[in-house]
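The next block is coords_25.cif, given as mmCIF, C-alpha atoms and all ligand atoms.
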```
data_coords
loop_
_atom_site.label_atom_id
_atom_site.label_comp_id
_atom_site.auth_asym_id
_atom_site.auth_seq_id
_atom_site.Cartn_x
_atom_site.Cartn_y
_atom_site.Cartn_z
CA MET A 1414 -67.75 48.25 14.70
CA ALA A 1415 -65.06 45.57 14.35
CA GLU A 1416 -61.98 46.23 16.47
CA PRO A 1417 -58.57 45.28 15.07
CA ASP A 1418 -57.39 41.98 16.59
CA SER A 1419 -54.51 42.98 18.86
CA HIS A 1420 -53.34 39.34 19.06
CA ARG A 1421 -52.99 39.11 15.33
CA PRO A 1422 -52.14 42.67 14.24
CA ARG A 1423 -52.54 43.48 10.58
CA ALA A 1424 -50.73 46.26 8.74
CA PHE A 1425 -50.80 47.32 5.09
CA VAL A 1426 -49.02 49.18 2.37
CA ILE A 1427 -51.37 51.07 0.07
CA GLY A 1428 -50.47 52.49 -3.33
CA HIS A 1429 -51.65 52.49 -6.93
CA PRO A 1430 -50.18 50.40 -8.44
CA ILE A 1431 -48.65 48.48 -5.53
CA GLY A 1432 -46.97 45.43 -7.11
CA HIS A 1433 -43.50 47.00 -7.07
CA SER A 1434 -43.39 47.59 -3.30
CA ARG A 1435 -40.71 45.70 -1.38
CA SER A 1436 -42.26 46.61 1.97
CA PRO A 1437 -44.16 43.27 2.28
CA LEU A 1438 -40.84 41.43 1.96
CA ILE A 1439 -39.22 43.56 4.66
CA HIS A 1440 -42.08 43.39 7.17
CA GLY A 1441 -42.79 39.73 6.39
CA TYR A 1442 -39.15 38.93 7.21
CA TRP A 1443 -39.35 40.77 10.54
CA LEU A 1444 -42.68 39.14 11.44
CA ARG A 1445 -41.19 35.68 10.83
CA GLN A 1446 -38.00 36.52 12.73
CA ALA A 1447 -39.97 37.73 15.75
CA GLY A 1448 -42.52 34.90 15.56
CA ILE A 1449 -45.37 37.44 15.55
CA GLU A 1450 -48.72 36.10 14.36
CA GLY A 1451 -49.48 39.21 12.38
CA SER A 1452 -49.59 40.17 8.75
CA TYR A 1453 -48.47 42.92 6.40
CA GLU A 1454 -50.50 43.15 3.21
CA ALA A 1455 -50.05 45.05 -0.05
CA ILE A 1456 -53.34 46.64 -1.14
CA ASP A 1457 -54.01 48.48 -4.36
CA VAL A 1458 -56.13 51.51 -3.46
CA ALA A 1459 -57.17 53.80 -6.31
CA PRO A 1460 -57.19 57.54 -5.50
CA ASP A 1461 -61.02 57.66 -5.49
CA ASP A 1462 -61.11 54.91 -2.86
CA LEU A 1463 -58.60 56.51 -0.48
CA PRO A 1464 -61.15 58.44 1.68
CA ALA A 1465 -63.19 55.26 2.29
CA PHE A 1466 -60.04 53.30 3.13
CA ILE A 1467 -59.01 55.88 5.76
CA SER A 1468 -62.55 55.94 7.21
CA ALA A 1469 -62.53 52.16 7.58
CA LEU A 1470 -59.13 52.37 9.27
CA ARG A 1471 -60.52 54.96 11.72
CA ASP A 1472 -63.69 53.06 12.65
CA GLY A 1473 -61.87 49.73 12.92
CA SER A 1474 -63.93 48.00 10.25
CA SER A 1475 -60.87 47.40 8.05
CA GLY A 1476 -59.23 45.30 10.77
CA PHE A 1477 -55.89 47.07 10.29
CA CYS A 1478 -53.89 48.81 13.00
CA GLY A 1479 -51.96 50.96 10.53
CA GLY A 1480 -49.65 50.76 7.58
CA ASN A 1481 -47.53 52.41 4.95
CA VAL A 1482 -48.56 54.78 2.22
CA THR A 1483 -46.79 55.03 -1.09
CA ILE A 1484 -47.20 56.69 -4.50
CA PRO A 1485 -49.61 58.34 -5.33
CA HIS A 1486 -51.15 58.77 -1.86
CA LYS A 1487 -48.34 60.26 0.22
CA GLU A 1488 -49.60 63.83 -0.05
CA ALA A 1489 -53.34 63.12 -0.34
CA VAL A 1490 -53.54 61.29 3.00
CA LEU A 1491 -52.56 64.46 4.87
CA ASP A 1492 -56.02 65.91 4.25
CA LEU A 1493 -57.81 62.70 5.24
CA VAL A 1494 -56.22 61.72 8.56
CA ASP A 1495 -56.95 63.27 11.97
CA ASP A 1496 -53.41 64.19 13.00
CA VAL A 1497 -50.23 64.84 11.03
CA ASP A 1498 -46.98 64.80 12.99
CA GLU A 1499 -44.45 67.63 12.76
CA THR A 1500 -42.07 65.73 10.44
CA ALA A 1501 -44.74 64.80 7.90
CA ARG A 1502 -46.07 68.34 8.02
CA ARG A 1503 -42.63 69.79 7.23
CA ILE A 1504 -42.01 67.29 4.45
CA GLY A 1505 -45.52 67.71 3.07
CA ALA A 1506 -46.06 63.97 2.72
CA ALA A 1507 -46.72 60.93 4.93
CA ASN A 1508 -45.54 57.35 4.54
CA THR A 1509 -46.75 55.80 7.82
CA LEU A 1510 -50.22 55.65 9.41
CA TRP A 1511 -51.34 54.33 12.79
CA CYS A 1512 -54.42 54.49 15.00
CA GLU A 1513 -54.49 55.98 18.45
CA ASP A 1514 -57.55 56.78 20.59
CA GLY A 1515 -59.87 56.34 17.62
CA ARG A 1516 -57.86 58.77 15.51
CA VAL A 1517 -55.79 58.09 12.41
CA LYS A 1518 -52.32 59.60 12.69
CA ALA A 1519 -49.79 60.18 9.94
CA GLY A 1520 -46.01 60.47 10.08
CA ASN A 1521 -43.06 60.35 7.73
CA THR A 1522 -40.12 58.03 8.43
CA ASP A 1523 -38.09 58.81 5.28
CA SER A 1524 -35.92 61.36 7.10
CA TYR A 1525 -35.33 58.87 9.89
CA GLY A 1526 -34.39 56.20 7.31
CA PHE A 1527 -31.96 58.54 5.56
CA THR A 1528 -30.23 59.49 8.80
CA ALA A 1529 -30.17 56.01 10.30
CA ASN A 1530 -28.62 54.57 7.13
CA LEU A 1531 -25.78 57.11 7.16
CA ASP A 1532 -25.30 56.65 10.92
CA VAL A 1533 -24.67 52.95 10.31
CA GLN A 1534 -22.74 53.13 7.03
CA ALA A 1535 -20.72 56.29 7.64
CA PRO A 1536 -20.62 57.13 11.36
CA GLY A 1537 -19.68 60.76 12.02
CA TRP A 1538 -21.04 61.86 8.63
CA ASP A 1539 -22.90 64.71 10.32
CA ARG A 1540 -19.69 66.38 11.48
CA GLY A 1541 -19.69 67.93 7.98
CA LYS A 1542 -21.09 71.44 7.71
CA SER A 1543 -22.30 71.68 4.14
CA ALA A 1544 -24.40 69.53 1.83
CA VAL A 1545 -25.51 69.62 -1.79
CA ILE A 1546 -28.78 67.94 -2.72
CA LEU A 1547 -29.53 67.22 -6.37
CA GLY A 1548 -33.30 67.32 -6.94
CA ALA A 1549 -36.22 69.21 -5.42
CA GLY A 1550 -39.05 66.65 -5.23
CA GLY A 1551 -40.56 64.74 -2.31
CA ALA A 1552 -37.39 62.78 -1.55
CA SER A 1553 -35.40 66.00 -1.45
CA ARG A 1554 -37.78 67.44 1.16
CA ALA A 1555 -37.23 64.42 3.43
CA VAL A 1556 -33.44 64.73 3.07
CA ILE A 1557 -33.49 68.48 3.77
CA HIS A 1558 -35.54 67.87 6.91
CA ALA A 1559 -33.05 65.23 8.06
CA LEU A 1560 -30.00 67.40 7.41
CA LEU A 1561 -31.47 70.43 9.18
CA ALA A 1562 -32.34 68.26 12.18
CA ARG A 1563 -28.71 67.07 12.31
CA GLY A 1564 -27.45 70.63 12.31
CA LEU A 1565 -25.84 70.98 8.90
CA GLU A 1566 -25.18 74.65 8.33
CA THR A 1567 -25.60 75.05 4.59
CA ILE A 1568 -27.78 72.99 2.28
CA GLN A 1569 -27.64 73.85 -1.41
CA VAL A 1570 -30.52 72.42 -3.43
CA VAL A 1571 -29.61 72.09 -7.11
CA ASN A 1572 -32.42 71.36 -9.55
CA ARG A 1573 -33.15 71.34 -13.28
CA THR A 1574 -36.21 73.48 -12.53
CA GLU A 1575 -34.79 76.15 -10.25
CA ALA A 1576 -38.24 77.40 -9.23
CA ARG A 1577 -38.93 74.11 -7.41
CA ALA A 1578 -35.66 74.47 -5.49
CA ARG A 1579 -36.61 78.04 -4.57
CA ILE A 1580 -39.87 76.82 -3.05
CA LEU A 1581 -37.89 74.47 -0.80
CA ALA A 1582 -35.55 77.30 0.23
CA GLU A 1583 -38.59 79.36 1.22
CA VAL A 1584 -40.23 76.50 3.10
CA PHE A 1585 -37.14 75.34 4.99
CA GLY A 1586 -35.52 78.71 5.74
CA PRO A 1587 -32.18 80.48 5.43
CA ARG A 1588 -29.86 77.46 5.77
CA VAL A 1589 -31.30 76.17 2.47
CA THR A 1590 -30.43 77.87 -0.84
CA ALA A 1591 -31.66 77.19 -4.39
CA HIS A 1592 -29.53 76.71 -7.49
CA ARG A 1593 -30.01 75.61 -11.06
CA SER A 1594 -28.27 72.59 -12.59
CA GLU A 1595 -25.61 74.67 -14.36
CA GLN A 1596 -24.34 75.78 -10.94
CA LEU A 1597 -23.71 72.26 -9.70
CA SER A 1598 -19.91 72.34 -10.21
CA ASN A 1599 -19.63 75.53 -8.17
CA CYS A 1600 -21.96 74.29 -5.45
CA ILE A 1601 -20.03 71.10 -4.71
CA GLN A 1602 -16.69 72.93 -4.23
CA GLY A 1603 -15.63 72.09 -0.69
CA ALA A 1604 -18.97 70.46 0.21
CA ASP A 1605 -18.95 67.63 2.77
CA LEU A 1606 -21.97 65.69 1.54
CA PHE A 1607 -23.63 65.12 -1.84
CA VAL A 1608 -27.07 63.51 -2.06
CA ASN A 1609 -28.72 62.51 -5.32
CA THR A 1610 -32.51 62.43 -5.02
CA THR A 1611 -33.25 62.34 -8.77
CA SER A 1612 -33.69 59.42 -11.12
CA LEU A 1613 -30.72 60.64 -13.18
CA GLY A 1614 -28.67 57.65 -14.30
CA MET A 1615 -31.51 55.16 -13.92
CA GLY A 1616 -32.37 52.97 -16.88
CA GLY A 1617 -29.14 53.88 -18.65
CA SER A 1618 -29.86 57.63 -18.81
CA GLU A 1619 -26.89 60.02 -18.93
CA ILE A 1620 -25.58 61.57 -15.73
CA PRO A 1621 -24.00 65.01 -15.59
CA ASP A 1622 -20.22 65.13 -15.79
CA ILE A 1623 -19.59 65.95 -12.13
CA ASP A 1624 -16.05 66.46 -10.82
CA PHE A 1625 -16.43 65.09 -7.31
CA THR A 1626 -12.73 65.64 -6.57
CA VAL A 1627 -13.46 69.31 -5.74
CA MET A 1628 -15.49 68.30 -2.68
CA ALA A 1629 -14.00 68.49 0.83
CA ASP A 1630 -11.47 65.91 2.03
CA ASN A 1631 -13.32 62.86 3.28
CA ALA A 1632 -16.57 63.98 1.62
CA LEU A 1633 -19.41 61.50 1.28
CA VAL A 1634 -21.71 60.82 -1.70
CA THR A 1635 -25.01 59.01 -1.32
CA ASP A 1636 -27.97 58.21 -3.55
CA ILE A 1637 -31.65 57.76 -2.71
CA VAL A 1638 -31.98 55.45 -5.71
CA TYR A 1639 -30.96 51.84 -4.92
CA ILE A 1640 -31.55 50.09 -8.25
CA PRO A 1641 -28.86 49.26 -9.14
CA LEU A 1642 -27.12 49.36 -5.76
CA GLU A 1643 -24.15 51.18 -7.23
CA THR A 1644 -25.86 53.87 -9.32
CA PRO A 1645 -23.87 55.63 -12.08
CA MET A 1646 -23.60 58.64 -9.73
CA LEU A 1647 -22.06 56.51 -6.97
CA ALA A 1648 -19.79 54.74 -9.44
CA LEU A 1649 -18.46 58.10 -10.65
CA ALA A 1650 -17.91 59.36 -7.11
CA ARG A 1651 -16.04 56.18 -6.26
CA GLN A 1652 -13.84 56.56 -9.37
CA HIS A 1653 -13.00 60.01 -8.04
CA GLY A 1654 -11.90 58.45 -4.77
CA LEU A 1655 -14.86 59.45 -2.60
CA ARG A 1656 -16.69 57.46 0.06
CA THR A 1657 -20.14 56.36 -1.05
CA VAL A 1658 -23.24 54.95 0.65
CA ASP A 1659 -26.01 53.30 -1.38
CA GLY A 1660 -29.71 53.97 -0.86
CA LEU A 1661 -30.94 50.49 0.04
CA GLY A 1662 -30.28 51.07 3.74
CA MET A 1663 -32.64 54.07 3.72
CA LEU A 1664 -35.45 51.84 2.43
CA LEU A 1665 -34.78 49.29 5.18
CA HIS A 1666 -34.38 51.78 8.03
CA GLN A 1667 -37.46 53.84 7.12
CA ALA A 1668 -39.52 50.69 7.75
CA VAL A 1669 -38.34 50.31 11.37
CA PRO A 1670 -40.53 52.92 13.16
CA GLY A 1671 -43.72 51.66 11.48
CA PHE A 1672 -43.06 48.03 12.43
CA ALA A 1673 -42.36 49.11 16.00
CA ARG A 1674 -45.66 51.00 16.20
CA TRP A 1675 -47.89 48.29 14.70
CA PHE A 1676 -46.26 45.18 16.09
CA GLY A 1677 -44.71 46.47 19.34
CA LEU A 1678 -41.12 45.47 18.71
CA THR A 1679 -38.16 47.34 17.22
CA PRO A 1680 -36.73 45.17 14.43
CA GLU A 1681 -33.11 44.96 13.33
CA VAL A 1682 -31.78 45.97 9.93
CA SER A 1683 -29.53 42.94 9.61
CA PRO A 1684 -27.12 41.90 6.84
CA GLU A 1685 -29.45 38.93 6.17
CA LEU A 1686 -32.41 41.24 5.53
CA ARG A 1687 -30.31 43.36 3.20
CA GLN A 1688 -29.14 40.24 1.38
CA MET A 1689 -32.70 39.02 0.96
CA ILE A 1690 -33.75 42.29 -0.69
CA VAL A 1691 -30.65 42.32 -2.92
CA ALA A 1692 -31.48 38.76 -4.02
CA ASP A 1693 -35.05 39.83 -4.80
CA MET A 1694 -33.77 42.79 -6.84
CA GLU A 1695 -31.55 40.45 -8.84
CA SER A 1696 -34.25 37.84 -9.48
P1 LIG B 1 -39.46 62.21 -5.69
O1 LIG B 1 -40.69 62.27 -4.85
O2 LIG B 1 -38.90 60.83 -5.86
O3 LIG B 1 -38.42 63.17 -5.23
P2 LIG B 1 -40.39 63.95 -7.80
O4 LIG B 1 -41.15 64.78 -6.81
O5 LIG B 1 -41.04 63.59 -9.09
O6 LIG B 1 -39.92 62.58 -7.19
O7 LIG B 1 -39.00 64.71 -8.12
C1 LIG B 1 -38.09 64.23 -9.05
C2 LIG B 1 -36.83 65.10 -9.03
O8 LIG B 1 -35.90 64.56 -9.97
C3 LIG B 1 -37.04 66.53 -9.44
O9 LIG B 1 -36.11 67.33 -8.77
C4 LIG B 1 -36.74 66.49 -10.94
O10 LIG B 1 -36.36 67.72 -11.50
P3 LIG B 1 -37.47 68.82 -11.98
O11 LIG B 1 -38.01 69.45 -10.74
O12 LIG B 1 -36.72 69.75 -12.84
O13 LIG B 1 -38.52 68.02 -12.74
C5 LIG B 1 -35.59 65.54 -10.95
N1 LIG B 1 -35.39 64.89 -12.26
C6 LIG B 1 -36.09 63.84 -12.75
N2 LIG B 1 -35.62 63.51 -13.99
C7 LIG B 1 -34.61 64.37 -14.26
C8 LIG B 1 -33.73 64.56 -15.37
N3 LIG B 1 -33.80 63.79 -16.46
N4 LIG B 1 -32.81 65.55 -15.30
C9 LIG B 1 -32.72 66.34 -14.21
N5 LIG B 1 -33.53 66.22 -13.12
C10 LIG B 1 -34.45 65.25 -13.16
#
```
Represent the supplied structure as structure tokens.
Amino acid sequence: MAEPDSHRPRAFVIGHPIGHSRSPLIHGYWLRQAGIEGSYEAIDVAPDDLPAFISALRDGSSGFCGGNVTIPHKEAVLDLVDDVDETARRIGAANTLWCEDGRVKAGNTDSYGFTANLDVQAPGWDRGKSAVILGAGGASRAVIHALLARGLETIQVVNRTEARARILAEVFGPRVTAHRSEQLSNCIQGADLFVNTTSLGMGGSEIPDIDFTVMADNALVTDIVYIPLETPMLALARQHGLRTVDGLGMLLHQAVPGFARWFGLTPEVSPELRQMIVADMES
């Protein structure tokens, strides 16, 4: 059994396809900054090959100490690893794996990334009591988990398919309520925070005609999507005079806990790192 080389730690991001992932850029930047002789590698793993990949991670033969998991494996890995932490269990998906005592462990750092980004870009954001989340997919689950952990009192999930929002309300409990898209205007009345977790507005698609001015004074609007940085939803909110936070910071911050686990050092989300990713998006 080959043990991972602790002097030259190797981490991965697995997905299918994997070419779009910006994680190698982020972790590569931090490895260079810290002068760590490790690596972070993008690996295309087809769904049929996922069980063998996890087995090789467990027995050390892959040579990796852990890594990230992206689409389409974020849910499937839960059934293959030995331990799933409380956050990943609640969200129903994992994005980070690591090895401990011969066991493969899975966690989810998306909620952390969401919260850390707002903490930096809009300190005090969590003094608000009520939030509206547009969308009821995987990203929405991570945001709900983050908002509940920060003590928001009411979280209204608005979704095209109301049944999916209702499932989230059942899973996450009484502070979370489900609504259909037509109710969006009512839901945002007086709300402190609006989070878009859908792809609405991407690729030139239409966005709903939302009147953000009915939200609470000093309300905040943020988007999980970060391409482009100012999404049509954020542009509209800004036109209506609201504070906005883009989603790129969430991508950067969600990478921090994984790097710390695999490489033993907590990296910084610096303006230079952000600039490097923006430049890559524009190239
Ligand atoms: P993710 O993991 O990124 O959240 P997902 O699980 O596929 O992705 O969820 C996508 C979300 O965006 C869903 O809430 C979806 O609405 P439905 O549940 O009704 O499918 C929402 N969404 C995607 N395209 C949309 C569109 N054109 N109009 C409205 N909602 C849309």
Throw together the list of residues within 12 Å of ligand LIG 1 (chain B), counting all atoms listed in the file, and drop it here as a ChimeraX atom specification. /A:1483-1488,1504-1508,1523,1546-1557,1570-1581,1591-1595,1597,1608-1621,1636-1638
Restricting the calculation to all atoms listed in the file: of A:Glu1566, A:Glu1643, A:Asp1461, A:Glu1513, which residue gets closest to Val1589 of chain A? A:Glu1566
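Counting all atoms listed in the file and comparing A:Leu1531, A:Ala1544, A:Leu1678, A:Leu1665, the residue that lies closest to Gly1564 of chain A is A:Ala1544.
In this comparison, which uses all atoms listed in the file, the residue of A:Val1584, A:Val1669, A:Ala1529, A:Val1545 approaching Arg1502 of chain A most closely is A:Val1584.
Computed from the coordinates, the atom CA of Arg1687 of chain A to atom CA of Ala1632 of chain A distance equals 24.8 Å.
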Nearest to Gly1448 of chain A: which of A:Arg1563, A:Arg1435, A:Ser1524, A:Arg1421 is it, counting all atoms listed in the file? A:Arg1421
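For the pair atom CA of Pro1422 of chain A and atom CA of Pro1460 of chain A, the separation is 25.2 Å.
The residue that comes closest to Met1646 of chain A, out of A:Leu1470, A:Ile1623, A:Ala1535, A:Ala1668 and on the basis of only C-alpha atoms, is A:Ile1623.
In terms of minimum interatomic distance to Asp1630 of chain A, A:Gly1654 ranks closest within A:Gly1660, A:Pro1430, A:Gly1654, A:Gly1520, counting all atoms listed in the file.
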Each side padded by 8 Å, which centre and which edge lengths in Å (one decimal) define the axis-aligned box around the listed atoms of segment 1567-1579 of chain A? Give them as lines of an AutoDock Vina configuration file.
```
center_x = -32.3
center_y = 74.7
center_z = -4.3
size_x = 29.3
size_y = 22.7
size_z = 33.9
```
Residue contacts of Ala1673 of chain A (12 Å, all atoms listed in the file) excluding same-chain residues fewer than 4 positions away, as a ChimeraX atom specification: /A:1422,1424,1440,1443-1444,1447,1478-1480,1509,1511,1522,1666-1669,1677-1681
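Taking atom CA of Lys1542 of chain A and atom CA of Thr1567 of chain A as endpoints, the distance between them is 6.6 Å.
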Close residues, Gln1688 of chain A itself excluded, 12 Å, all atoms listed in the file, min 4 positions apart in chain, as number ranges by chain: A: 1438-1439, 1442, 1642, 1661-1662, 1665, 1682-1684, 1692-1695
Since the input lacks atoms, please generate N, CA and C atoms for segment 1491-1518 of chain A and provide them as a PDB file, in the frame of the given file.
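Saved file rebuild00.pdb follows:
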```
ATOM      1  N   LEU A1491     -52.671  63.406   3.846  1.00  0.00           N
ATOM      2  CA  LEU A1491     -52.560  64.460   4.870  1.00  0.00           C
ATOM      3  C   LEU A1491     -53.903  65.129   5.133  1.00  0.00           C
ATOM      4  N   ASP A1492     -54.722  65.247   4.099  1.00  0.00           N
ATOM      5  CA  ASP A1492     -56.020  65.910   4.250  1.00  0.00           C
ATOM      6  C   ASP A1492     -57.106  64.959   4.763  1.00  0.00           C
ATOM      7  N   LEU A1493     -56.789  63.684   4.870  1.00  0.00           N
ATOM      8  CA  LEU A1493     -57.810  62.700   5.240  1.00  0.00           C
ATOM      9  C   LEU A1493     -57.668  62.180   6.663  1.00  0.00           C
ATOM     10  N   VAL A1494     -56.453  62.269   7.214  1.00  0.00           N
ATOM     11  CA  VAL A1494     -56.220  61.720   8.560  1.00  0.00           C
ATOM     12  C   VAL A1494     -56.589  62.773   9.609  1.00  0.00           C
ATOM     13  N   ASP A1495     -56.559  62.357  10.902  1.00  0.00           N
ATOM     14  CA  ASP A1495     -56.950  63.270  11.970  1.00  0.00           C
ATOM     15  C   ASP A1495     -55.779  64.085  12.493  1.00  0.00           C
ATOM     16  N   ASP A1496     -54.587  63.491  12.500  1.00  0.00           N
ATOM     17  CA  ASP A1496     -53.410  64.190  13.000  1.00  0.00           C
ATOM     18  C   ASP A1496     -52.209  63.919  12.100  1.00  0.00           C
ATOM     19  N   VAL A1497     -51.452  64.968  11.838  1.00  0.00           N
ATOM     20  CA  VAL A1497     -50.230  64.840  11.030  1.00  0.00           C
ATOM     21  C   VAL A1497     -49.075  65.264  11.926  1.00  0.00           C
ATOM     22  N   ASP A1498     -48.063  64.410  12.071  1.00  0.00           N
ATOM     23  CA  ASP A1498     -46.980  64.800  12.990  1.00  0.00           C
ATOM     24  C   ASP A1498     -46.094  65.879  12.338  1.00  0.00           C
ATOM     25  N   GLU A1499     -45.230  66.470  13.180  1.00  0.00           N
ATOM     26  CA  GLU A1499     -44.450  67.630  12.760  1.00  0.00           C
ATOM     27  C   GLU A1499     -43.560  67.308  11.538  1.00  0.00           C
ATOM     28  N   THR A1500     -42.978  66.096  11.539  1.00  0.00           N
ATOM     29  CA  THR A1500     -42.070  65.730  10.440  1.00  0.00           C
ATOM     30  C   THR A1500     -42.832  65.637   9.122  1.00  0.00           C
ATOM     31  N   ALA A1501     -43.957  64.949   9.135  1.00  0.00           N
ATOM     32  CA  ALA A1501     -44.740  64.800   7.900  1.00  0.00           C
ATOM     33  C   ALA A1501     -45.247  66.150   7.425  1.00  0.00           C
ATOM     34  N   ARG A1502     -45.586  67.004   8.381  1.00  0.00           N
ATOM     35  CA  ARG A1502     -46.070  68.340   8.020  1.00  0.00           C
ATOM     36  C   ARG A1502     -44.968  69.114   7.291  1.00  0.00           C
ATOM     37  N   ARG A1503     -43.747  69.057   7.852  1.00  0.00           N
ATOM     38  CA  ARG A1503     -42.630  69.790   7.230  1.00  0.00           C
ATOM     39  C   ARG A1503     -42.298  69.239   5.853  1.00  0.00           C
ATOM     40  N   ILE A1504     -42.355  67.912   5.728  1.00  0.00           N
ATOM     41  CA  ILE A1504     -42.010  67.290   4.450  1.00  0.00           C
ATOM     42  C   ILE A1504     -43.146  67.445   3.442  1.00  0.00           C
ATOM     43  N   GLY A1505     -44.369  67.553   3.961  1.00  0.00           N
ATOM     44  CA  GLY A1505     -45.520  67.710   3.070  1.00  0.00           C
ATOM     45  C   GLY A1505     -46.008  66.389   2.513  1.00  0.00           C
ATOM     46  N   ALA A1506     -45.653  65.310   3.175  1.00  0.00           N
ATOM     47  CA  ALA A1506     -46.060  63.970   2.720  1.00  0.00           C
ATOM     48  C   ALA A1506     -45.942  63.006   3.900  1.00  0.00           C
ATOM     49  N   ALA A1507     -46.778  61.951   3.878  1.00  0.00           N
ATOM     50  CA  ALA A1507     -46.720  60.930   4.930  1.00  0.00           C
ATOM     51  C   ALA A1507     -46.434  59.572   4.296  1.00  0.00           C
ATOM     52  N   ASN A1508     -45.734  58.721   5.038  1.00  0.00           N
ATOM     53  CA  ASN A1508     -45.540  57.350   4.540  1.00  0.00           C
ATOM     54  C   ASN A1508     -45.974  56.300   5.567  1.00  0.00           C
ATOM     55  N   THR A1509     -46.397  56.751   6.759  1.00  0.00           N
ATOM     56  CA  THR A1509     -46.750  55.800   7.820  1.00  0.00           C
ATOM     57  C   THR A1509     -48.015  56.267   8.532  1.00  0.00           C
ATOM     58  N   LEU A1510     -48.975  55.349   8.707  1.00  0.00           N
ATOM     59  CA  LEU A1510     -50.220  55.650   9.410  1.00  0.00           C
ATOM     60  C   LEU A1510     -50.387  54.705  10.596  1.00  0.00           C
ATOM     61  N   TRP A1511     -51.008  55.190  11.659  1.00  0.00           N
ATOM     62  CA  TRP A1511     -51.340  54.330  12.790  1.00  0.00           C
ATOM     63  C   TRP A1511     -52.575  54.893  13.485  1.00  0.00           C
ATOM     64  N   CYS A1512     -53.210  54.072  14.307  1.00  0.00           N
ATOM     65  CA  CYS A1512     -54.420  54.490  15.000  1.00  0.00           C
ATOM     66  C   CYS A1512     -54.130  54.664  16.478  1.00  0.00           C
ATOM     67  N   GLU A1513     -54.683  55.712  17.031  1.00  0.00           N
ATOM     68  CA  GLU A1513     -54.490  55.980  18.450  1.00  0.00           C
ATOM     69  C   GLU A1513     -55.750  56.679  18.952  1.00  0.00           C
ATOM     70  N   ASP A1514     -56.363  56.156  19.990  1.00  0.00           N
ATOM     71  CA  ASP A1514     -57.550  56.780  20.590  1.00  0.00           C
ATOM     72  C   ASP A1514     -58.628  57.085  19.548  1.00  0.00           C
ATOM     73  N   GLY A1515     -58.823  56.161  18.625  1.00  0.00           N
ATOM     74  CA  GLY A1515     -59.870  56.340  17.620  1.00  0.00           C
ATOM     75  C   GLY A1515     -59.529  57.357  16.547  1.00  0.00           C
ATOM     76  N   ARG A1516     -58.280  57.796  16.526  1.00  0.00           N
ATOM     77  CA  ARG A1516     -57.860  58.770  15.510  1.00  0.00           C
ATOM     78  C   ARG A1516     -56.802  58.158  14.608  1.00  0.00           C
ATOM     79  N   VAL A1517     -56.816  58.546  13.343  1.00  0.00           N
ATOM     80  CA  VAL A1517     -55.790  58.090  12.410  1.00  0.00           C
ATOM     81  C   VAL A1517     -54.677  59.142  12.375  1.00  0.00           C
ATOM     82  N   LYS A1518     -53.464  58.673  12.636  1.00  0.00           N
ATOM     83  CA  LYS A1518     -52.320  59.600  12.690  1.00  0.00           C
ATOM     84  C   LYS A1518     -51.367  59.287  11.552  1.00  0.00           C
TER      85      LYS A1518
END
```
